[in-house]
file coords05.txt (compact mmCIF, C-alpha atoms)
# COMPACT_ATOMS: atom_id res chain seq x y z
CA MET A 199 138.20 32.93 38.10
CA ALA A 200 135.12 33.72 36.09
CA ALA A 201 134.17 37.37 35.81
CA SER A 202 130.67 36.62 37.11
CA GLU A 203 132.12 35.66 40.47
CA ALA A 204 133.61 39.08 41.21
CA ALA A 205 132.65 40.49 44.61
CA VAL A 206 133.58 43.99 43.47
CA ARG A 207 133.38 45.20 39.91
CA VAL A 208 134.59 48.67 39.04
CA HIS A 209 134.07 49.87 35.50
CA ASP A 210 135.77 52.99 34.16
CA VAL A 211 135.34 54.97 37.38
CA SER A 212 136.49 58.59 37.54
CA ARG A 213 136.09 61.12 40.28
CA ARG A 214 137.05 64.76 40.36
CA PHE A 215 137.18 67.48 43.00
CA GLY A 216 136.50 70.77 41.29
CA HIS A 217 138.41 70.64 38.00
CA ARG A 218 140.99 68.15 39.23
CA TRP A 219 140.50 64.49 38.36
CA VAL A 220 141.68 62.49 41.37
CA VAL A 221 140.65 59.07 40.08
CA ARG A 222 140.70 58.43 36.34
CA ASN A 223 139.16 55.58 34.37
CA VAL A 224 139.76 52.86 36.94
CA SER A 225 138.45 49.41 36.09
CA MET A 226 139.09 46.37 38.24
CA GLU A 227 137.55 43.33 39.86
CA VAL A 228 138.14 41.79 43.25
CA PHE A 229 137.10 38.20 43.86
CA PRO A 230 135.79 36.46 46.99
CA GLY A 231 138.58 35.14 49.20
CA GLU A 232 141.09 37.44 47.56
CA ALA A 233 143.07 40.37 48.96
CA VAL A 234 144.22 42.99 46.51
CA LEU A 235 146.82 45.50 47.58
CA LEU A 236 146.50 49.05 46.33
CA VAL A 237 149.79 50.92 46.35
CA GLY A 238 150.72 54.42 45.28
CA GLY A 239 152.28 57.61 46.51
CA ASN A 240 150.47 60.30 48.48
CA GLY A 241 147.73 61.83 46.35
CA ALA A 242 147.67 58.91 43.92
CA GLY A 243 143.93 58.50 44.45
CA LYS A 244 143.83 55.37 46.64
CA THR A 245 141.67 56.82 49.41
CA THR A 246 139.30 58.51 46.97
CA LEU A 247 138.90 55.26 45.05
CA LEU A 248 138.09 53.38 48.26
CA ARG A 249 135.56 56.07 49.26
CA VAL A 250 133.89 55.79 45.86
CA LEU A 251 133.77 51.98 46.21
CA ALA A 252 132.24 52.33 49.68
CA GLY A 253 129.54 54.64 48.34
CA LEU A 254 130.76 57.60 50.42
CA LEU A 255 131.57 59.54 47.27
CA ARG A 256 129.76 59.40 43.98
CA ALA A 257 131.74 58.58 40.87
CA ASN A 258 131.52 61.34 38.26
CA ARG A 259 131.84 58.64 35.61
CA GLY A 260 131.69 54.86 35.57
CA THR A 261 129.98 52.26 37.72
CA VAL A 262 130.69 50.28 40.88
CA ASP A 263 128.95 47.02 41.74
CA HIS A 264 129.50 44.89 44.76
CA ARG A 265 128.02 41.61 45.83
CA GLY A 266 126.87 41.70 49.44
CA MET A 267 127.67 44.14 52.22
CA VAL A 268 130.64 46.45 52.47
CA GLY A 269 132.79 47.28 55.48
CA MET A 270 135.41 49.99 55.56
CA VAL A 271 138.33 51.08 57.71
CA ALA A 272 139.51 54.58 56.87
CA HIS A 273 141.89 57.14 58.32
CA HIS A 274 139.23 58.17 60.84
CA THR A 275 137.57 55.86 63.32
CA MET A 276 133.99 56.95 62.46
CA MET A 277 133.16 56.60 66.16
CA TYR A 278 132.33 58.84 69.11
CA ASP A 279 135.00 59.87 71.60
CA ALA A 280 132.52 60.28 74.47
CA LEU A 281 131.28 56.68 74.20
CA THR A 282 133.09 53.55 75.34
CA ALA A 283 134.35 50.94 72.90
CA ARG A 284 131.45 48.66 73.80
CA GLU A 285 128.88 51.46 73.44
CA ASN A 286 130.22 52.43 70.03
CA LEU A 287 129.95 48.89 68.75
CA THR A 288 126.49 48.43 70.31
CA PHE A 289 125.37 51.60 68.54
CA TYR A 290 126.59 50.31 65.17
CA THR A 291 125.08 46.88 65.86
CA ARG A 292 121.70 48.58 66.25
CA LEU A 293 122.16 50.64 63.09
CA HIS A 294 122.94 47.50 61.11
CA GLY A 295 119.71 45.99 62.47
CA LEU A 296 121.65 43.06 63.94
CA PRO A 297 120.68 41.05 67.00
CA ARG A 298 122.51 41.97 70.18
CA ASP A 299 124.14 38.56 70.45
CA GLY A 300 127.49 39.65 71.85
CA ARG A 301 129.18 40.00 68.45
CA GLY A 302 130.59 43.39 69.48
CA ASP A 303 132.11 41.89 72.61
CA ARG A 304 133.58 39.00 70.62
CA LEU A 305 135.21 41.38 68.17
CA ILE A 306 136.55 43.56 70.99
CA GLU A 307 138.13 40.45 72.45
CA ARG A 308 139.39 39.20 69.08
CA LEU A 309 141.18 42.49 68.48
CA GLY A 310 142.78 42.50 71.91
CA LEU A 311 140.72 45.31 73.44
CA ALA A 312 138.79 43.41 76.12
CA HIS A 313 140.66 45.23 78.90
CA ALA A 314 139.49 48.60 77.55
CA ALA A 315 135.94 47.70 76.47
CA ASP A 316 134.33 50.05 78.98
CA GLN A 317 136.73 52.94 78.55
CA ARG A 318 135.75 56.02 76.59
CA ILE A 319 137.60 55.87 73.31
CA ALA A 320 138.86 59.43 73.83
CA THR A 321 141.43 57.77 76.11
CA PHE A 322 142.54 55.23 73.47
CA SER A 323 145.91 55.25 71.75
CA ARG A 324 146.08 55.44 67.93
CA GLY A 325 146.64 51.71 67.70
CA MET A 326 143.67 50.89 69.95
CA LEU A 327 141.43 53.17 67.89
CA GLN A 328 142.59 51.47 64.72
CA ARG A 329 141.76 48.03 66.12
CA LEU A 330 138.35 49.25 67.28
CA ALA A 331 137.70 50.70 63.82
CA ILE A 332 138.49 47.28 62.36
CA ALA A 333 136.07 45.69 64.84
CA ARG A 334 133.38 48.17 63.73
CA SER A 335 133.95 47.32 60.09
CA LEU A 336 133.48 43.60 60.79
CA LEU A 337 130.29 43.82 62.88
CA HIS A 338 127.93 42.95 60.02
CA ASP A 339 130.13 40.20 58.49
CA PRO A 340 130.72 42.13 55.28
CA ASP A 341 131.46 40.36 52.01
CA VAL A 342 133.69 43.19 50.84
CA LEU A 343 136.29 44.92 53.05
CA LEU A 344 137.92 48.17 52.09
CA PHE A 345 140.95 48.87 54.26
CA ASP A 346 142.77 52.19 54.05
CA GLU A 347 146.09 51.83 55.85
CA PRO A 348 144.85 49.13 58.26
CA LEU A 349 148.17 48.78 60.09
CA THR A 350 148.68 52.47 60.84
CA GLY A 351 149.68 53.07 64.45
CA LEU A 352 149.82 49.37 65.33
CA ASP A 353 152.70 47.78 67.22
CA ASP A 354 153.98 44.34 66.25
CA ALA A 355 151.56 42.42 68.45
CA ALA A 356 148.55 44.40 67.23
CA SER A 357 149.73 44.08 63.60
CA ARG A 358 149.86 40.32 64.02
CA ILE A 359 146.28 40.30 65.33
CA VAL A 360 145.08 42.33 62.34
CA LEU A 361 147.02 40.16 59.87
CA ASP A 362 145.36 37.10 61.44
CA VAL A 363 141.97 38.77 61.00
CA ILE A 364 142.79 39.45 57.33
CA ARG A 365 143.67 35.77 56.85
CA GLU A 366 140.41 34.71 58.52
CA LEU A 367 138.42 37.07 56.30
CA LYS A 368 140.01 35.63 53.16
CA ALA A 369 139.35 32.12 54.42
CA ARG A 370 135.66 32.83 54.87
CA GLY A 371 135.45 34.22 51.34
CA ALA A 372 135.50 37.97 51.88
CA ALA A 373 137.01 40.18 49.18
CA LEU A 374 139.57 42.65 50.47
CA LEU A 375 140.98 45.76 48.88
CA ILE A 376 143.81 47.17 50.98
CA ALA A 377 145.42 50.55 50.35
CA THR A 378 148.73 50.77 52.18
CA HIS A 379 152.28 51.97 52.36
CA GLN A 380 153.20 49.20 54.79
CA LEU A 381 154.19 46.67 52.19
CA VAL A 382 156.52 44.52 54.25
CA GLU A 383 153.71 43.27 56.49
CA LEU A 384 150.99 43.00 53.86
CA VAL A 385 152.65 41.75 50.70
CA GLY A 386 152.50 38.17 51.93
CA GLU A 387 148.73 38.36 52.37
CA THR A 388 147.84 39.41 48.85
CA ALA A 389 147.46 37.73 45.51
CA ARG A 390 147.48 40.81 43.32
CA VAL A 391 148.72 44.37 43.49
CA GLY A 392 147.12 47.45 41.94
CA TYR A 393 149.51 50.33 41.26
CA MET A 394 147.89 53.78 41.40
CA VAL A 395 149.80 56.52 39.58
CA SER A 396 148.28 60.02 39.34
CA GLY A 397 144.72 58.75 39.76
CA ARG A 398 145.07 55.95 37.21
CA LEU A 399 145.34 52.25 37.92
CA ALA A 400 148.61 51.89 36.02
CA ALA A 401 148.69 48.12 36.48
CA LEU A 402 146.82 45.40 38.33
CA GLU A 403 148.86 42.23 38.30
CA PRO A 404 149.64 39.10 40.33
CA ILE A 405 152.21 39.63 43.04
CA GLY A 406 154.34 37.05 41.22
CA GLY A 407 156.71 36.28 44.05
CA ARG A 408 157.68 39.92 44.57
CA ASP A 409 158.58 41.04 48.06
CA ALA A 410 158.00 44.57 49.38
CA GLY A 411 161.14 45.84 47.64
CA GLY A 412 160.02 44.25 44.38
CA VAL A 413 156.63 45.96 44.62
CA VAL A 414 158.30 49.32 45.22
CA SER A 415 160.62 48.79 42.24
CA ARG A 416 157.69 47.88 40.02
CA TYR A 417 155.82 50.98 41.20
CA LYS A 418 158.82 53.19 40.39
CA GLU A 419 158.97 51.62 36.91
CA LEU A 420 155.33 52.47 36.32
CA VAL A 421 155.81 56.03 37.58
CA THR A 422 158.75 56.46 35.18
CA ASP A 423 156.77 54.95 32.28
CA GLY A 424 153.90 57.30 33.02
CA ARG A 425 156.05 60.41 32.64
CA MET B 119 111.09 48.04 57.64
CA ALA B 120 109.18 50.22 60.11
CA GLY B 121 110.87 48.32 62.93
CA ASN B 122 114.30 49.09 61.49
CA LEU B 123 113.33 52.75 61.11
CA LEU B 124 112.24 52.94 64.72
CA THR B 125 115.30 51.07 66.00
CA ALA B 126 117.70 53.27 64.04
CA THR B 127 115.87 56.48 64.94
CA ALA B 128 115.89 55.59 68.63
CA ALA B 129 119.56 54.52 68.50
CA ILE B 130 120.64 57.81 66.94
CA ALA B 131 118.62 59.95 69.36
CA ARG B 132 119.83 57.92 72.35
CA LYS B 133 123.44 58.16 71.20
CA ASP B 134 123.24 61.95 70.77
CA LEU B 135 121.72 62.39 74.21
CA LYS B 136 124.22 60.03 75.82
CA VAL B 137 127.15 61.94 74.29
CA GLU B 138 125.62 65.24 75.44
CA TRP B 139 124.99 63.83 78.92
CA ARG B 140 128.65 62.80 79.15
CA THR B 141 130.15 66.03 77.81
CA LYS B 142 127.43 68.57 78.68
CA THR B 143 129.13 70.92 76.22
CA ALA B 144 126.06 72.27 74.46
CA PHE B 145 123.82 72.10 77.52
CA MET B 146 126.10 74.17 79.72
CA SER B 147 126.69 76.73 76.94
CA SER B 148 122.95 77.01 76.31
CA LEU B 149 122.13 77.35 79.98
CA VAL B 150 124.75 80.01 80.67
CA PHE B 151 123.58 81.87 77.58
CA ALA B 152 119.93 81.67 78.71
CA VAL B 153 120.72 83.03 82.18
CA LEU B 154 122.83 85.81 80.69
CA VAL B 155 120.21 86.95 78.16
CA LEU B 156 117.35 86.89 80.69
CA ALA B 157 119.42 88.83 83.22
CA VAL B 158 120.80 91.37 80.75
CA LEU B 159 117.38 92.13 79.28
CA TYR B 160 115.92 92.42 82.77
CA PHE B 161 118.51 94.88 84.00
CA ALA B 162 118.89 96.79 80.74
CA ARG B 163 115.42 98.34 80.76
CA ASP B 164 113.95 101.29 82.60
CA LYS B 165 111.17 99.66 84.63
CA THR B 166 109.18 102.89 84.82
CA SER B 167 108.81 103.09 81.03
CA VAL B 168 109.09 99.42 79.89
CA GLY B 169 106.84 97.03 81.77
CA ASP B 170 107.31 93.30 82.23
CA PHE B 171 104.55 92.55 79.74
CA ASP B 172 106.30 94.56 77.06
CA ILE B 173 109.64 92.84 77.32
CA ALA B 174 108.87 89.34 78.68
CA PRO B 175 107.66 87.63 75.45
CA GLY B 176 110.62 88.92 73.43
CA ALA B 177 113.08 88.02 76.18
CA LEU B 178 111.69 84.49 76.37
CA TRP B 179 111.95 83.83 72.64
CA VAL B 180 115.34 85.47 72.15
CA THR B 181 116.57 83.20 74.93
CA PHE B 182 115.05 80.03 73.47
CA THR B 183 116.09 80.82 69.90
CA PHE B 184 119.76 81.53 70.53
CA ALA B 185 120.24 79.01 73.32
CA GLY B 186 118.78 76.37 71.00
CA MET B 187 121.16 77.38 68.24
CA LEU B 188 124.11 76.22 70.32
CA GLY B 189 122.57 72.76 70.62
CA LEU B 190 121.67 72.55 66.93
CA ASN B 191 125.22 73.43 65.98
CA ARG B 192 126.53 70.64 68.16
CA ALA B 193 124.18 68.01 66.67
CA PHE B 194 126.11 67.53 63.44
CA LEU B 195 129.51 68.72 64.66
CA LEU B 196 129.39 65.51 66.63
CA GLU B 197 129.16 63.56 63.37
CA ARG B 198 132.07 65.52 61.90
CA GLU B 199 134.43 64.42 64.67
CA ASN B 200 136.23 61.29 63.52
CA ARG B 201 134.04 61.38 60.38
CA ALA B 202 131.30 59.52 62.20
CA LEU B 203 128.83 60.56 59.52
CA ASP B 204 130.72 58.31 57.09
CA GLY B 205 130.23 55.48 59.57
CA LEU B 206 126.49 56.13 59.60
CA ARG B 207 126.39 56.20 55.82
CA LEU B 208 128.11 52.82 55.66
CA THR B 209 125.20 51.28 57.58
CA PRO B 210 121.77 50.54 56.09
CA VAL B 211 120.30 53.47 58.04
CA THR B 212 118.03 55.57 55.85
CA PRO B 213 118.28 59.37 55.70
CA THR B 214 114.76 59.44 57.17
CA ALA B 215 115.90 57.55 60.28
CA LEU B 216 118.96 59.77 60.63
CA PHE B 217 116.87 62.92 60.30
CA LEU B 218 114.21 61.72 62.73
CA GLY B 219 116.83 60.55 65.23
CA LYS B 220 118.57 63.91 65.10
CA VAL B 221 115.26 65.81 65.37
CA ILE B 222 114.18 63.78 68.41
CA GLY B 223 117.58 64.24 70.06
CA ASN B 224 117.45 67.99 69.39
CA LEU B 225 113.85 68.26 70.58
CA ILE B 226 114.69 66.59 73.88
CA PHE B 227 117.82 68.73 74.26
CA LEU B 228 115.99 71.97 73.52
CA GLY B 229 113.02 70.88 75.64
CA VAL B 230 115.31 70.45 78.63
CA VAL B 231 116.98 73.84 78.01
CA GLU B 232 113.51 75.44 77.78
CA LEU B 233 112.26 73.73 80.91
CA VAL B 234 115.31 74.90 82.85
CA SER B 235 115.08 78.44 81.43
CA LEU B 236 111.37 78.85 82.16
CA PRO B 237 111.71 79.06 85.97
CA LEU B 238 114.46 81.67 85.46
CA PHE B 239 112.10 83.60 83.22
CA ILE B 240 109.42 83.45 85.91
CA LEU B 241 111.99 84.57 88.47
CA PHE B 242 113.07 87.61 86.47
CA TYR B 243 109.77 88.76 85.02
CA ASP B 244 106.70 89.35 87.12
CA VAL B 245 104.10 87.90 84.77
CA PRO B 246 101.04 85.80 85.71
CA ILE B 247 102.20 82.52 84.21
CA TRP B 248 100.89 79.69 86.39
CA ARG B 249 97.27 79.59 85.21
CA GLN B 250 98.42 79.99 81.64
CA LEU B 251 101.25 77.48 81.84
CA PRO B 252 99.61 74.61 79.88
CA ILE B 253 98.78 76.79 76.86
CA LEU B 254 102.18 78.50 77.03
CA LEU B 255 103.92 75.13 77.07
CA ALA B 256 101.82 74.05 74.07
CA VAL B 257 102.97 77.15 72.15
CA VAL B 258 106.60 76.51 73.16
CA ALA B 259 106.30 72.90 71.95
CA LEU B 260 104.68 73.92 68.66
CA ALA B 261 107.30 76.56 67.90
CA THR B 262 110.14 74.25 68.94
CA VAL B 263 109.13 71.47 66.52
CA GLY B 264 109.36 73.70 63.45
CA TYR B 265 112.50 75.37 64.71
CA VAL B 266 114.25 72.06 65.34
CA ALA B 267 113.17 70.56 61.99
CA VAL B 268 114.62 73.42 59.93
CA GLY B 269 117.59 73.76 62.28
CA THR B 270 118.47 70.07 61.93
CA LEU B 271 118.38 70.27 58.14
CA LEU B 272 120.53 73.40 58.02
CA SER B 273 122.89 72.07 60.66
CA ALA B 274 123.55 69.04 58.40
CA MET B 275 124.00 71.39 55.45
CA VAL B 276 126.59 73.67 57.05
CA VAL B 277 128.55 71.06 58.98
CA ARG B 278 130.98 70.48 56.12
CA THR B 279 131.70 74.20 55.78
CA ARG B 280 134.66 75.72 57.56
CA PHE B 281 132.64 78.21 59.61
CA SER B 282 129.62 76.12 60.42
CA GLU B 283 129.04 77.79 63.81
CA VAL B 284 128.67 81.14 62.05
CA MET B 285 126.83 79.83 59.01
CA LEU B 286 124.02 78.15 60.92
CA PRO B 287 122.54 81.33 62.47
CA VAL B 288 122.99 83.22 59.20
CA LEU B 289 120.98 80.63 57.28
CA LEU B 290 118.53 79.66 59.99
CA LEU B 291 117.37 83.01 61.34
CA PRO B 292 115.49 84.13 58.19
CA PHE B 293 113.52 80.88 58.27
CA LEU B 294 112.67 81.46 61.91
CA VAL B 295 110.94 84.79 61.41
CA PRO B 296 107.42 83.32 60.97
CA PRO B 297 107.50 80.89 63.93
CA ILE B 298 109.29 83.26 66.30
CA VAL B 299 107.02 86.20 65.47
CA SER B 300 104.00 83.91 65.94
CA ALA B 301 105.40 82.59 69.22
CA VAL B 302 106.10 86.10 70.55
CA GLN B 303 102.61 87.27 69.60
CA LEU B 304 101.03 84.20 71.20
CA THR B 305 103.13 84.53 74.36
CA TRP B 306 102.17 88.18 74.74
CA ARG B 307 98.47 87.38 74.34
CA ILE B 308 98.67 84.42 76.72
CA LEU B 309 100.43 86.45 79.41
CA ALA B 310 97.91 89.30 78.92
CA LEU B 311 95.07 86.78 79.50
CA ARG B 312 93.51 87.55 76.10
CA PRO B 313 90.65 85.33 74.89
CA LEU B 314 91.43 82.12 73.02
CA SER B 315 89.87 83.49 69.84
CA GLU B 316 92.78 85.94 69.57
CA LEU B 317 95.24 83.06 69.53
CA THR B 318 93.83 80.91 66.75
CA GLY B 319 95.27 82.85 63.81
CA TRP B 320 98.83 82.78 65.17
CA LEU B 321 98.43 79.16 66.28
CA SER B 322 97.35 78.23 62.75
CA LEU B 323 100.40 79.98 61.32
CA LEU B 324 102.67 78.14 63.73
CA ALA B 325 101.07 74.78 62.95
CA ALA B 326 101.27 75.42 59.20
CA PHE B 327 104.95 76.31 59.50
CA ASP B 328 105.58 73.06 61.40
CA VAL B 329 103.81 70.87 58.86
CA ILE B 330 105.35 72.54 55.79
CA PHE B 331 108.90 72.85 57.05
CA PHE B 332 109.04 69.50 58.81
CA THR B 333 107.93 67.80 55.59
CA LEU B 334 110.29 69.84 53.42
CA SER B 335 113.23 69.22 55.75
CA LEU B 336 112.54 65.48 55.77
CA LEU B 337 112.35 65.38 51.97
CA LEU B 338 115.48 67.49 51.43
CA PHE B 339 117.63 65.74 54.02
CA GLU B 340 118.78 62.94 51.71
CA ALA B 341 120.08 65.44 49.14
CA ILE B 342 122.04 67.21 51.90
CA LEU B 343 123.71 63.97 52.98
CA ILE B 344 125.11 63.19 49.55
CA GLU B 345 128.57 64.62 49.27
call {"tool": "encode", "arguments": {"input": "coords05.txt", "output": "structure tokens"}}
result
Amino acid sequence: MAASEAAVRVHDVSRRFGHRWVVRNVSMEVFPGEAVLLVGGNGAGKTTLLRVLAGLLRANRGTVDHRGMVGMVAHHTMMYDALTARENLTFYTRLHGLPRDGRGDRLIERLGLAHAADQRIATFSRGMLQRLAIARSLLHDPDVLLFDEPLTGLDDAASRIVLDVIRELKARGAALLIATHQLVELVGETARVGYMVSGRLAALEPIGGRDAGGVVSRYKELVTDGR
Amino acid sequence: MAGNLLTATAAIARKDLKVEWRTKTAFMSSLVFAVLVLAVLYFARDKTSVGDFDIAPGALWVTFTFAGMLGLNRAFLLERENRALDGLRLTPVTPTALFLGKVIGNLIFLGVVELVSLPLFILFYDVPIWRQLPILLAVVALATVGYVAVGTLLSAMVVRTRFSEVMLPVLLLPFLVPPIVSAVQLTWRILALRPLSELTGWLSLLAAFDVIFFTLSLLLFEAILIE
């Protein structure tokens, strides 16, 4: 793919908290219709990198460019416990300046939450909140999706729904960057894997037929090489 | 552009009020506090040496100031829950719309607290208020606008700190000296049926505070939002 087609272009991005560099000199590109998996241990810098890409944190060095709109699913739902699922999505629909054409309701249904649309989300389970957060991130049909542990708290049925959504997003040309520890479910959906080691992108390479175990082995190799 | 600003501003204010209506957390705290302060100050004095006129203006503004603080604290704590502020920042909503939405929500909240507290004030303190009510309400409105503008800015500033509930009064109270002193002076003169010419100086100070601090708060809000 030509470099000019990249939906996300990250050039030499670094971010520190205090004196500690959490993300160091990361450069990468993600292309439309592609899902890139971001793997790494706790504290490797995956979440910080995603937050920098989303514009929630400023990079101390380097640049981030994306083509089109960005959606993000993070560890927190970014929604209000006292509102219902429908009210939360209606609120975000308004903030995005979108017409109230039932897109929120369609997403609620798509993610298997129609039965709970008018319940306050304070009563939701972790898995229901995660699905609603995914619905929120899709409201404005983003061109770039940043998913931080998208399958957390989901049972098998809910995971299947989310994996279907990921496939649909790729098919319509969205670029996805997915940080996860749940490799078994997600390895099959991705073309490339980025390995984060101590804030650095140690390697970004095609999945090359590796299964989840193969990805873990490769990660361990890179950790050992980095020492 | 202006349409989007209005839509987003209205959506944010409506959402804040809806959440408060559902939970009533800040409203009930503010109301209980208002009743307590008015009652304590009423019973704490020696009526033979401290007349109603001497204590009523101070009692009214101590009540409004501290009862309002509880609501201002809540305004951005709401956005901290589930990291909803990140969700807002992922939308195209401008800092101006967010600030205005929060200010309008806070103004309506504080307005309701003031309107509920005022009859209690009349009940406790034997002051001739009815004929003077329109001008008193105008002073209350004028003082509340400046108070809420600075309070909203500082509430956004302290929300990421660990002790935001403590930090807000510490930072806000010094800024409130000019408007609260003006409001107390005006209230005393209004209740004492002093001529309008005695009010103009304090009214000008109050209006100047509103214009300067509303503008400054609006301009500084974007810098506060950036992490």
call {"tool": "atom_distance", "arguments": {"input": "coords05.txt", "atom1": "CA of Ala389 (chain A)", "atom2": "CA of Met270 (chain A)"}}
result
19.9 Å
call {"tool": "interface_residues", "arguments": {"input": "coords05.txt", "of": "chain A", "to": "chain B", "cutoff": "12 Å", "atoms": "all atoms listed in the file", "output": "ChimeraX atom specification"}}
result
/A:215,249-258,267-282,285-297,318-320,327-328,331-332,334-338,340,343-344
call {"tool": "write_last_selection", "arguments": {"input": "coords05.txt", "atoms": "C-alpha atoms", "output": "PDB file, in the frame of the given file"}}
result
ATOM      1  CA  PHE A 215     137.180  67.480  43.000  1.00  0.00           C
ATOM      2  CA  ARG A 249     135.560  56.070  49.260  1.00  0.00           C
ATOM      3  CA  VAL A 250     133.890  55.790  45.860  1.00  0.00           C
ATOM      4  CA  LEU A 251     133.770  51.980  46.210  1.00  0.00           C
ATOM      5  CA  ALA A 252     132.240  52.330  49.680  1.00  0.00           C
ATOM      6  CA  GLY A 253     129.540  54.640  48.340  1.00  0.00           C
ATOM      7  CA  LEU A 254     130.760  57.600  50.420  1.00  0.00           C
ATOM      8  CA  LEU A 255     131.570  59.540  47.270  1.00  0.00           C
ATOM      9  CA  ARG A 256     129.760  59.400  43.980  1.00  0.00           C
ATOM     10  CA  ALA A 257     131.740  58.580  40.870  1.00  0.00           C
ATOM     11  CA  ASN A 258     131.520  61.340  38.260  1.00  0.00           C
ATOM     12  CA  MET A 267     127.670  44.140  52.220  1.00  0.00           C
ATOM     13  CA  VAL A 268     130.640  46.450  52.470  1.00  0.00           C
ATOM     14  CA  GLY A 269     132.790  47.280  55.480  1.00  0.00           C
ATOM     15  CA  MET A 270     135.410  49.990  55.560  1.00  0.00           C
ATOM     16  CA  VAL A 271     138.330  51.080  57.710  1.00  0.00           C
ATOM     17  CA  ALA A 272     139.510  54.580  56.870  1.00  0.00           C
ATOM     18  CA  HIS A 273     141.890  57.140  58.320  1.00  0.00           C
ATOM     19  CA  HIS A 274     139.230  58.170  60.840  1.00  0.00           C
ATOM     20  CA  THR A 275     137.570  55.860  63.320  1.00  0.00           C
ATOM     21  CA  MET A 276     133.990  56.950  62.460  1.00  0.00           C
ATOM     22  CA  MET A 277     133.160  56.600  66.160  1.00  0.00           C
ATOM     23  CA  TYR A 278     132.330  58.840  69.110  1.00  0.00           C
ATOM     24  CA  ASP A 279     135.000  59.870  71.600  1.00  0.00           C
ATOM     25  CA  ALA A 280     132.520  60.280  74.470  1.00  0.00           C
ATOM     26  CA  LEU A 281     131.280  56.680  74.200  1.00  0.00           C
ATOM     27  CA  THR A 282     133.090  53.550  75.340  1.00  0.00           C
ATOM     28  CA  GLU A 285     128.880  51.460  73.440  1.00  0.00           C
ATOM     29  CA  ASN A 286     130.220  52.430  70.030  1.00  0.00           C
ATOM     30  CA  LEU A 287     129.950  48.890  68.750  1.00  0.00           C
ATOM     31  CA  THR A 288     126.490  48.430  70.310  1.00  0.00           C
ATOM     32  CA  PHE A 289     125.370  51.600  68.540  1.00  0.00           C
ATOM     33  CA  TYR A 290     126.590  50.310  65.170  1.00  0.00           C
ATOM     34  CA  THR A 291     125.080  46.880  65.860  1.00  0.00           C
ATOM     35  CA  ARG A 292     121.700  48.580  66.250  1.00  0.00           C
ATOM     36  CA  LEU A 293     122.160  50.640  63.090  1.00  0.00           C
ATOM     37  CA  HIS A 294     122.940  47.500  61.110  1.00  0.00           C
ATOM     38  CA  GLY A 295     119.710  45.990  62.470  1.00  0.00           C
ATOM     39  CA  LEU A 296     121.650  43.060  63.940  1.00  0.00           C
ATOM     40  CA  PRO A 297     120.680  41.050  67.000  1.00  0.00           C
ATOM     41  CA  ARG A 318     135.750  56.020  76.590  1.00  0.00           C
ATOM     42  CA  ILE A 319     137.600  55.870  73.310  1.00  0.00           C
ATOM     43  CA  ALA A 320     138.860  59.430  73.830  1.00  0.00           C
ATOM     44  CA  LEU A 327     141.430  53.170  67.890  1.00  0.00           C
ATOM     45  CA  GLN A 328     142.590  51.470  64.720  1.00  0.00           C
ATOM     46  CA  ALA A 331     137.700  50.700  63.820  1.00  0.00           C
ATOM     47  CA  ILE A 332     138.490  47.280  62.360  1.00  0.00           C
ATOM     48  CA  ARG A 334     133.380  48.170  63.730  1.00  0.00           C
ATOM     49  CA  SER A 335     133.950  47.320  60.090  1.00  0.00           C
ATOM     50  CA  LEU A 336     133.480  43.600  60.790  1.00  0.00           C
ATOM     51  CA  LEU A 337     130.290  43.820  62.880  1.00  0.00           C
ATOM     52  CA  HIS A 338     127.930  42.950  60.020  1.00  0.00           C
ATOM     53  CA  PRO A 340     130.720  42.130  55.280  1.00  0.00           C
ATOM     54  CA  LEU A 343     136.290  44.920  53.050  1.00  0.00           C
ATOM     55  CA  LEU A 344     137.920  48.170  52.090  1.00  0.00           C
TER      56      LEU A 344
END
call {"tool": "atom_distance", "arguments": {"input": "coords05.txt", "atom1": "CA of Pro297 (chain B)", "atom2": "CA of Phe331 (chain B)"}}
result
10.7 Å
call {"tool": "atom_distance", "arguments": {"input": "coords05.txt", "atom1": "CA of Phe345 (chain A)", "atom2": "CA of His217 (chain A)"}}
result
27.3 Å
call {"tool": "residues_around", "arguments": {"input": "coords05.txt", "residues": "region 219-233 of chain A", "least_positions_apart": "5", "cutoff": "6 Å", "atoms": "all atoms listed in the file", "output": "ChimeraX atom specification"}}
result
/A:204-214,243,368,371-375,388,397-399
call {"tool": "residues_around", "arguments": {"input": "coords05.txt", "residues": "Phe184 (chain B)", "least_positions_apart": "5", "cutoff": "12 Å", "atoms": "all atoms listed in the file", "output": "number ranges by chain"}}
result
B: 144, 147-156, 177-179, 189-191, 228, 231-232, 265, 269, 286-288, 290-291, 294, 298
call {"tool": "residues_around", "arguments": {"input": "coords05.txt", "residues": "Leu349 (chain A)", "least_positions_apart": "5", "cutoff": "10 Å", "atoms": "only C-alpha atoms", "output": "list of chain:residue names"}}
result
A:Gly325, A:Gln328, A:Arg329, A:Asp354, A:Ala356, A:Ser357, A:Arg358, A:Val360, A:Leu361, A:Thr378, A:His379, A:Gln380, A:Glu383, A:Leu384
call {"tool": "residues_around", "arguments": {"input": "coords05.txt", "residues": "Ile173 (chain B)", "least_positions_apart": "2", "cutoff": "10 Å", "atoms": "all atoms listed in the file", "output": "compact mmCIF listing (two decimals) with C-alpha atoms, in the frame of the given file"}}
result
# COMPACT_ATOMS: atom_id res chain seq x y z
CA LEU B 159 117.38 92.13 79.28
CA TYR B 160 115.92 92.42 82.77
CA ARG B 163 115.42 98.34 80.76
CA VAL B 168 109.09 99.42 79.89
CA GLY B 169 106.84 97.03 81.77
CA ASP B 170 107.31 93.30 82.23
CA PHE B 171 104.55 92.55 79.74
CA PRO B 175 107.66 87.63 75.45
CA GLY B 176 110.62 88.92 73.43
CA ALA B 177 113.08 88.02 76.18
CA LEU B 178 111.69 84.49 76.37
CA TYR B 243 109.77 88.76 85.02
CA TRP B 306 102.17 88.18 74.74
